[in-house]
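start01.cif, holding mmCIF, N, CA and C atoms:
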data_final
loop_
_atom_site.label_atom_id
_atom_site.label_comp_id
_atom_site.auth_asym_id
_atom_site.auth_seq_id
_atom_site.Cartn_x
_atom_site.Cartn_y
_atom_site.Cartn_z
N MET A 7 0.84 -1.17 0.00
CA MET A 7 0.00 0.00 0.00
C MET A 7 0.88 1.23 0.00
N LYS A 8 0.60 2.12 -0.91
CA LYS A 8 1.33 3.38 -0.97
C LYS A 8 0.33 4.52 -0.90
N LEU A 9 0.39 5.26 0.17
CA LEU A 9 -0.48 6.41 0.37
C LEU A 9 0.38 7.60 0.74
N PRO A 10 -0.10 8.81 0.49
CA PRO A 10 0.63 9.97 0.98
C PRO A 10 0.79 9.87 2.49
N ALA A 11 1.86 10.40 3.02
CA ALA A 11 2.14 10.30 4.45
C ALA A 11 1.01 10.89 5.29
N ASP A 12 0.38 11.91 4.79
CA ASP A 12 -0.66 12.58 5.57
C ASP A 12 -1.88 12.84 4.68
N LEU A 13 -2.94 12.12 4.96
CA LEU A 13 -4.18 12.32 4.20
C LEU A 13 -5.16 13.24 4.94
N ALA A 14 -4.74 13.76 6.08
CA ALA A 14 -5.62 14.61 6.87
C ALA A 14 -6.12 15.77 6.02
N GLU A 15 -7.41 16.02 6.14
CA GLU A 15 -8.06 17.11 5.41
C GLU A 15 -8.06 16.91 3.90
N ARG A 16 -7.87 15.67 3.44
CA ARG A 16 -7.95 15.36 2.02
C ARG A 16 -9.13 14.44 1.77
N ASP A 17 -9.68 14.53 0.57
CA ASP A 17 -10.70 13.59 0.14
C ASP A 17 -10.00 12.47 -0.62
N ALA A 18 -10.49 11.25 -0.45
CA ALA A 18 -9.86 10.10 -1.11
C ALA A 18 -10.86 9.37 -1.99
N ILE A 19 -10.36 8.87 -3.10
CA ILE A 19 -11.16 8.03 -4.00
C ILE A 19 -10.47 6.67 -4.05
N VAL A 20 -11.20 5.63 -3.65
CA VAL A 20 -10.69 4.26 -3.69
C VAL A 20 -11.30 3.60 -4.93
N LEU A 21 -10.44 2.99 -5.75
CA LEU A 21 -10.88 2.34 -6.98
C LEU A 21 -10.81 0.83 -6.81
N ASP A 22 -11.89 0.15 -7.14
CA ASP A 22 -11.94 -1.31 -7.11
C ASP A 22 -12.75 -1.72 -8.33
N PRO A 23 -12.18 -2.49 -9.26
CA PRO A 23 -12.91 -2.80 -10.49
C PRO A 23 -14.25 -3.47 -10.24
N MET A 24 -14.29 -4.38 -9.25
CA MET A 24 -15.53 -5.11 -9.00
C MET A 24 -15.76 -5.21 -7.49
N LEU A 25 -16.90 -4.74 -7.04
CA LEU A 25 -17.29 -4.83 -5.63
C LEU A 25 -18.13 -6.09 -5.49
N ALA A 26 -17.49 -7.18 -5.07
CA ALA A 26 -18.19 -8.47 -4.95
C ALA A 26 -18.66 -8.66 -3.51
N THR A 27 -17.84 -9.26 -2.66
CA THR A 27 -18.21 -9.45 -1.26
C THR A 27 -18.08 -8.17 -0.45
N GLY A 28 -17.22 -7.28 -0.90
CA GLY A 28 -16.98 -6.02 -0.19
C GLY A 28 -15.83 -6.08 0.79
N ASN A 29 -15.26 -7.26 1.01
CA ASN A 29 -14.18 -7.39 1.99
C ASN A 29 -12.93 -6.59 1.64
N SER A 30 -12.47 -6.69 0.40
CA SER A 30 -11.25 -5.98 -0.01
C SER A 30 -11.46 -4.47 0.02
N SER A 31 -12.59 -4.03 -0.49
CA SER A 31 -12.88 -2.59 -0.50
C SER A 31 -12.99 -2.05 0.91
N ALA A 32 -13.65 -2.78 1.79
CA ALA A 32 -13.80 -2.34 3.18
C ALA A 32 -12.45 -2.22 3.86
N ALA A 33 -11.55 -3.18 3.61
CA ALA A 33 -10.21 -3.13 4.20
C ALA A 33 -9.41 -1.95 3.65
N ALA A 34 -9.50 -1.72 2.34
CA ALA A 34 -8.78 -0.60 1.74
C ALA A 34 -9.29 0.73 2.29
N ILE A 35 -10.58 0.85 2.43
CA ILE A 35 -11.18 2.08 2.96
C ILE A 35 -10.77 2.28 4.41
N ALA A 36 -10.73 1.22 5.19
CA ALA A 36 -10.29 1.34 6.58
C ALA A 36 -8.86 1.86 6.65
N SER A 37 -8.00 1.40 5.75
CA SER A 37 -6.61 1.87 5.71
C SER A 37 -6.53 3.35 5.36
N VAL A 38 -7.32 3.76 4.38
CA VAL A 38 -7.33 5.17 3.96
C VAL A 38 -7.85 6.05 5.09
N LYS A 39 -8.90 5.59 5.77
CA LYS A 39 -9.43 6.36 6.90
C LYS A 39 -8.40 6.45 8.03
N ALA A 40 -7.67 5.35 8.26
CA ALA A 40 -6.66 5.34 9.31
C ALA A 40 -5.56 6.36 9.05
N GLN A 41 -5.33 6.69 7.78
CA GLN A 41 -4.34 7.70 7.42
C GLN A 41 -4.92 9.11 7.51
N GLY A 42 -6.21 9.22 7.87
CA GLY A 42 -6.79 10.52 8.15
C GLY A 42 -7.61 11.16 7.05
N ALA A 43 -8.01 10.41 6.04
CA ALA A 43 -8.80 11.00 4.95
C ALA A 43 -10.07 11.65 5.49
N ARG A 44 -10.38 12.82 4.98
CA ARG A 44 -11.56 13.57 5.41
C ARG A 44 -12.83 12.87 4.94
N SER A 45 -12.82 12.41 3.70
CA SER A 45 -13.96 11.68 3.15
C SER A 45 -13.44 10.66 2.15
N VAL A 46 -14.25 9.63 1.89
CA VAL A 46 -13.86 8.56 0.97
C VAL A 46 -15.03 8.27 0.03
N ILE A 47 -14.70 8.10 -1.24
CA ILE A 47 -15.65 7.66 -2.25
C ILE A 47 -15.09 6.38 -2.84
N LEU A 48 -15.92 5.35 -3.00
CA LEU A 48 -15.53 4.11 -3.67
C LEU A 48 -16.08 4.14 -5.09
N VAL A 49 -15.21 3.92 -6.07
CA VAL A 49 -15.62 3.87 -7.47
C VAL A 49 -15.33 2.47 -8.00
N CYS A 50 -16.36 1.83 -8.59
CA CYS A 50 -16.18 0.50 -9.17
C CYS A 50 -16.98 0.39 -10.47
N LEU A 51 -16.60 -0.58 -11.30
CA LEU A 51 -17.31 -0.80 -12.55
C LEU A 51 -18.61 -1.57 -12.34
N VAL A 52 -18.50 -2.65 -11.58
CA VAL A 52 -19.65 -3.53 -11.34
C VAL A 52 -19.71 -3.86 -9.86
N ALA A 53 -20.91 -3.92 -9.32
CA ALA A 53 -21.09 -4.25 -7.91
C ALA A 53 -22.16 -5.32 -7.76
N ALA A 54 -22.04 -6.09 -6.69
CA ALA A 54 -23.07 -7.06 -6.31
C ALA A 54 -23.84 -6.48 -5.12
N PRO A 55 -25.11 -6.77 -5.02
CA PRO A 55 -25.89 -6.27 -3.88
C PRO A 55 -25.27 -6.63 -2.53
N GLU A 56 -24.70 -7.84 -2.43
CA GLU A 56 -24.08 -8.27 -1.18
C GLU A 56 -22.89 -7.39 -0.80
N GLY A 57 -22.09 -7.01 -1.78
CA GLY A 57 -20.94 -6.15 -1.52
C GLY A 57 -21.36 -4.75 -1.11
N ILE A 58 -22.40 -4.24 -1.75
CA ILE A 58 -22.91 -2.92 -1.39
C ILE A 58 -23.41 -2.93 0.05
N GLU A 59 -24.17 -3.96 0.41
CA GLU A 59 -24.69 -4.07 1.78
C GLU A 59 -23.56 -4.17 2.80
N HIS A 60 -22.56 -4.99 2.50
CA HIS A 60 -21.42 -5.15 3.41
C HIS A 60 -20.69 -3.83 3.60
N LEU A 61 -20.42 -3.15 2.50
CA LEU A 61 -19.67 -1.89 2.58
C LEU A 61 -20.47 -0.83 3.32
N GLN A 62 -21.76 -0.74 3.07
CA GLN A 62 -22.59 0.24 3.77
C GLN A 62 -22.68 -0.06 5.26
N ALA A 63 -22.64 -1.33 5.63
CA ALA A 63 -22.67 -1.70 7.05
C ALA A 63 -21.37 -1.30 7.75
N GLU A 64 -20.23 -1.51 7.09
CA GLU A 64 -18.93 -1.20 7.69
C GLU A 64 -18.55 0.27 7.58
N HIS A 65 -18.95 0.90 6.47
CA HIS A 65 -18.57 2.30 6.22
C HIS A 65 -19.78 3.07 5.69
N PRO A 66 -20.75 3.36 6.56
CA PRO A 66 -21.96 4.03 6.10
C PRO A 66 -21.73 5.45 5.56
N ASP A 67 -20.58 6.02 5.87
CA ASP A 67 -20.26 7.37 5.42
C ASP A 67 -19.62 7.42 4.03
N VAL A 68 -19.36 6.26 3.44
CA VAL A 68 -18.70 6.20 2.14
C VAL A 68 -19.73 6.15 1.01
N THR A 69 -19.54 7.01 0.02
CA THR A 69 -20.38 7.01 -1.17
C THR A 69 -19.85 5.97 -2.15
N ILE A 70 -20.75 5.15 -2.71
CA ILE A 70 -20.37 4.14 -3.70
C ILE A 70 -20.85 4.62 -5.07
N VAL A 71 -19.92 4.67 -6.02
CA VAL A 71 -20.24 5.03 -7.40
C VAL A 71 -19.93 3.81 -8.26
N THR A 72 -20.93 3.28 -8.95
CA THR A 72 -20.73 2.10 -9.80
C THR A 72 -21.49 2.27 -11.11
N ALA A 73 -20.97 1.62 -12.15
CA ALA A 73 -21.63 1.68 -13.45
C ALA A 73 -22.82 0.73 -13.52
N ALA A 74 -22.76 -0.38 -12.77
CA ALA A 74 -23.84 -1.38 -12.83
C ALA A 74 -23.89 -2.19 -11.55
N VAL A 75 -25.09 -2.64 -11.21
CA VAL A 75 -25.28 -3.57 -10.10
C VAL A 75 -25.80 -4.86 -10.72
N ASP A 76 -25.00 -5.93 -10.58
CA ASP A 76 -25.40 -7.23 -11.14
C ASP A 76 -26.31 -7.99 -10.17
N ARG A 77 -26.70 -9.21 -10.57
CA ARG A 77 -27.68 -10.02 -9.81
C ARG A 77 -27.22 -10.36 -8.41
N GLY A 78 -25.97 -10.81 -8.29
CA GLY A 78 -25.50 -11.27 -6.99
C GLY A 78 -24.21 -12.04 -7.12
N LEU A 79 -23.93 -12.86 -6.12
CA LEU A 79 -22.69 -13.65 -6.08
C LEU A 79 -23.00 -15.13 -6.26
N ASN A 80 -22.03 -15.84 -6.86
CA ASN A 80 -22.18 -17.30 -6.95
C ASN A 80 -21.58 -17.94 -5.70
N GLU A 81 -21.52 -19.27 -5.67
CA GLU A 81 -21.02 -19.99 -4.50
C GLU A 81 -19.55 -19.71 -4.19
N ARG A 82 -18.80 -19.18 -5.16
CA ARG A 82 -17.38 -18.85 -4.95
C ARG A 82 -17.17 -17.37 -4.61
N GLY A 83 -18.25 -16.61 -4.51
CA GLY A 83 -18.15 -15.19 -4.19
C GLY A 83 -17.85 -14.31 -5.39
N PHE A 84 -18.06 -14.84 -6.60
CA PHE A 84 -17.85 -14.06 -7.82
C PHE A 84 -19.15 -13.43 -8.27
N ILE A 85 -19.07 -12.23 -8.83
CA ILE A 85 -20.26 -11.53 -9.31
C ILE A 85 -20.83 -12.25 -10.53
N VAL A 86 -22.17 -12.39 -10.53
CA VAL A 86 -22.88 -13.02 -11.65
C VAL A 86 -23.77 -11.97 -12.29
N PRO A 87 -23.68 -11.72 -13.60
CA PRO A 87 -22.77 -12.36 -14.53
C PRO A 87 -21.35 -11.82 -14.46
N GLY A 88 -21.12 -10.61 -14.00
CA GLY A 88 -19.77 -10.10 -13.81
C GLY A 88 -19.02 -9.82 -15.10
N LEU A 89 -17.71 -9.64 -14.96
CA LEU A 89 -16.85 -9.29 -16.10
C LEU A 89 -15.72 -10.28 -16.31
N GLY A 90 -15.75 -11.42 -15.66
CA GLY A 90 -14.61 -12.32 -15.72
C GLY A 90 -13.59 -11.90 -14.67
N ASP A 91 -12.35 -12.24 -14.87
CA ASP A 91 -11.30 -11.93 -13.90
C ASP A 91 -10.76 -10.52 -14.12
N ALA A 92 -11.59 -9.51 -13.92
CA ALA A 92 -11.19 -8.13 -14.17
C ALA A 92 -10.01 -7.70 -13.30
N GLY A 93 -10.02 -8.05 -12.04
CA GLY A 93 -8.92 -7.69 -11.15
C GLY A 93 -7.60 -8.31 -11.59
N ASP A 94 -7.65 -9.59 -11.94
CA ASP A 94 -6.45 -10.27 -12.40
C ASP A 94 -5.93 -9.65 -13.69
N ARG A 95 -6.82 -9.28 -14.58
CA ARG A 95 -6.40 -8.66 -15.83
C ARG A 95 -5.79 -7.29 -15.60
N LEU A 96 -6.40 -6.52 -14.72
CA LEU A 96 -5.87 -5.17 -14.44
C LEU A 96 -4.51 -5.21 -13.77
N TYR A 97 -4.36 -6.13 -12.82
CA TYR A 97 -3.15 -6.14 -11.99
C TYR A 97 -2.16 -7.24 -12.36
N GLY A 98 -2.45 -8.02 -13.40
CA GLY A 98 -1.52 -9.03 -13.88
C GLY A 98 -1.23 -10.13 -12.88
N THR A 99 -2.21 -10.48 -12.04
CA THR A 99 -1.97 -11.49 -11.01
C THR A 99 -2.21 -12.92 -11.49
N LYS A 100 -2.77 -13.09 -12.70
CA LYS A 100 -2.93 -14.44 -13.28
C LYS A 100 -2.61 -14.38 -14.74
#
Could the structure of this file be written out as structure tokens, please?
Amino acid sequence: MKLPADLAERDAIVLDPMLATGNSSAAAIASVKAQGARSVILVCLVAAPEGIEHLQAEHPDVTIVTAAVDRGLNERGFIVPGLGDAGDRLYGTK
């Protein structure tokens, strides 16, 4: 994680290609808040209702901006229908 040393009095935008379970986004937002961000906005391409609910429960003060809300998650926690392995493609992890 690389953040400016001092986020106090700054607004932060957290980018996550797909908001599925909400666990990764919630952890990233917690880290940004711990560095003192004044406000946080989450921007994602696709979200699942479960991820939105999870994020709103953990961070009710965070605005979520998404292009689409899909049906939900499958048994593996992947968004259905989703975009495939968008995170892996963006970050070269597979």
- With all atoms listed in the file as the atoms that count, which of A:Val75, A:Ala11, A:Val86, A:Ala18 lies nearest to Ser45 (chain A)?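 Closest residue, counting all atoms listed in the file: A:Ala18.
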- Message: Show me, as a list in words, the residues that have an atom within 6.5 Å of region 51-62 of chain A when counting all atoms listed in the file, minus same-chain residues fewer than 4 positions from it.
- Response: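 Surrounding residues, per the criterion: Asp22, Pro23, Met24, Leu25, Ala26, Thr27, Gly28, Asn29, Ala32, Pro66, Asp67, Val71, Thr72, Ala73, Ala74, Val75, Asp76, Arg77, Gly78, Leu79 and Ile85 of chain A.
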- Selection as a PyMOL selection string: residues within 5 Å of (-14.8, 5.8, 0.2), counting only N, CA and C atoms: chain A and resi 46-48+68-69
- Spatial neighbours of Ala36 (chain A), max dist 10 Å, only C-alpha atoms, sep filter under 6 positions, as a PyMOL selection string: chain A and resi 30+42-43+46+64-65
- Task: Work out how far CA of Arg44 (chain A) is from CA of Arg16 (chain A), in Å to one decimal.
- Result: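 Taking CA of Arg16 (chain A) as the start and CA of Arg44 (chain A) as the end point, the length is 5.3 Å.
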- Task: Based on DSSP run over this structure's backbone, return all residues of chain A in alpha helix (DSSP H), as number ranges by chain.
- Result: A: 29-40, 55-64, 92-97
Next, the residues of the selection above should be written as a CSV table (one decimal), keeping the file's coordinate frame with N, CA and C atoms.
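Once written, out_36.csv looks like this:
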chain,number,residue,atom,x,y,z
A,29,ASN,N,-15.3,-7.3,1.0
A,29,ASN,CA,-14.2,-7.4,2.0
A,29,ASN,C,-12.9,-6.6,1.6
A,30,SER,N,-12.5,-6.7,0.4
A,30,SER,CA,-11.2,-6.0,0.0
A,30,SER,C,-11.5,-4.5,0.0
A,31,SER,N,-12.6,-4.0,-0.5
A,31,SER,CA,-12.9,-2.6,-0.5
A,31,SER,C,-13.0,-2.0,0.9
A,32,ALA,N,-13.6,-2.8,1.8
A,32,ALA,CA,-13.8,-2.3,3.2
A,32,ALA,C,-12.4,-2.2,3.9
A,33,ALA,N,-11.6,-3.2,3.6
A,33,ALA,CA,-10.2,-3.1,4.2
A,33,ALA,C,-9.4,-2.0,3.6
A,34,ALA,N,-9.5,-1.7,2.3
A,34,ALA,CA,-8.8,-0.6,1.7
A,34,ALA,C,-9.3,0.7,2.3
A,35,ILE,N,-10.6,0.8,2.4
A,35,ILE,CA,-11.2,2.1,3.0
A,35,ILE,C,-10.8,2.3,4.4
A,36,ALA,N,-10.7,1.2,5.2
A,36,ALA,CA,-10.3,1.3,6.6
A,36,ALA,C,-8.9,1.9,6.6
A,37,SER,N,-8.0,1.4,5.8
A,37,SER,CA,-6.6,1.9,5.7
A,37,SER,C,-6.5,3.4,5.4
A,38,VAL,N,-7.3,3.8,4.4
A,38,VAL,CA,-7.3,5.2,4.0
A,38,VAL,C,-7.8,6.0,5.1
A,39,LYS,N,-8.9,5.6,5.8
A,39,LYS,CA,-9.4,6.4,6.9
A,39,LYS,C,-8.4,6.4,8.0
A,40,ALA,N,-7.7,5.4,8.3
A,40,ALA,CA,-6.7,5.3,9.3
A,40,ALA,C,-5.6,6.4,9.0
A,55,PRO,N,-25.1,-6.8,-5.0
A,55,PRO,CA,-25.9,-6.3,-3.9
A,55,PRO,C,-25.3,-6.6,-2.5
A,56,GLU,N,-24.7,-7.8,-2.4
A,56,GLU,CA,-24.1,-8.3,-1.2
A,56,GLU,C,-22.9,-7.4,-0.8
A,57,GLY,N,-22.1,-7.0,-1.8
A,57,GLY,CA,-20.9,-6.2,-1.5
A,57,GLY,C,-21.4,-4.8,-1.1
A,58,ILE,N,-22.4,-4.2,-1.8
A,58,ILE,CA,-22.9,-2.9,-1.4
A,58,ILE,C,-23.4,-2.9,0.0
A,59,GLU,N,-24.2,-4.0,0.4
A,59,GLU,CA,-24.7,-4.1,1.8
A,59,GLU,C,-23.6,-4.2,2.8
A,60,HIS,N,-22.6,-5.0,2.5
A,60,HIS,CA,-21.4,-5.2,3.4
A,60,HIS,C,-20.7,-3.8,3.6
A,61,LEU,N,-20.4,-3.2,2.5
A,61,LEU,CA,-19.7,-1.9,2.6
A,61,LEU,C,-20.5,-0.8,3.3
A,62,GLN,N,-21.8,-0.7,3.1
A,62,GLN,CA,-22.6,0.2,3.8
A,62,GLN,C,-22.7,-0.1,5.3
A,63,ALA,N,-22.6,-1.3,5.6
A,63,ALA,CA,-22.7,-1.7,7.0
A,63,ALA,C,-21.4,-1.3,7.8
A,64,GLU,N,-20.2,-1.5,7.1
A,64,GLU,CA,-18.9,-1.2,7.7
A,64,GLU,C,-18.6,0.3,7.6
A,92,ALA,N,-11.6,-9.5,-13.9
A,92,ALA,CA,-11.2,-8.1,-14.2
A,92,ALA,C,-10.0,-7.7,-13.3
A,93,GLY,N,-10.0,-8.0,-12.0
A,93,GLY,CA,-8.9,-7.7,-11.2
A,93,GLY,C,-7.6,-8.3,-11.6
A,94,ASP,N,-7.6,-9.6,-11.9
A,94,ASP,CA,-6.4,-10.3,-12.4
A,94,ASP,C,-5.9,-9.6,-13.7
A,95,ARG,N,-6.8,-9.3,-14.6
A,95,ARG,CA,-6.4,-8.7,-15.8
A,95,ARG,C,-5.8,-7.3,-15.6
A,96,LEU,N,-6.4,-6.5,-14.7
A,96,LEU,CA,-5.9,-5.2,-14.4
A,96,LEU,C,-4.5,-5.2,-13.8
A,97,TYR,N,-4.4,-6.1,-12.8
A,97,TYR,CA,-3.2,-6.1,-12.0
A,97,TYR,C,-2.2,-7.2,-12.4
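CA of Val20 (chain A) is positioned 8.6 Å from CA of Cys50 (chain A).
With all atoms listed in the file as the atoms that count, the minimum distance from Val38 (chain A) to the choices A:Ile70, A:Leu21, A:Leu13, A:Arg82 is reached by A:Leu13.
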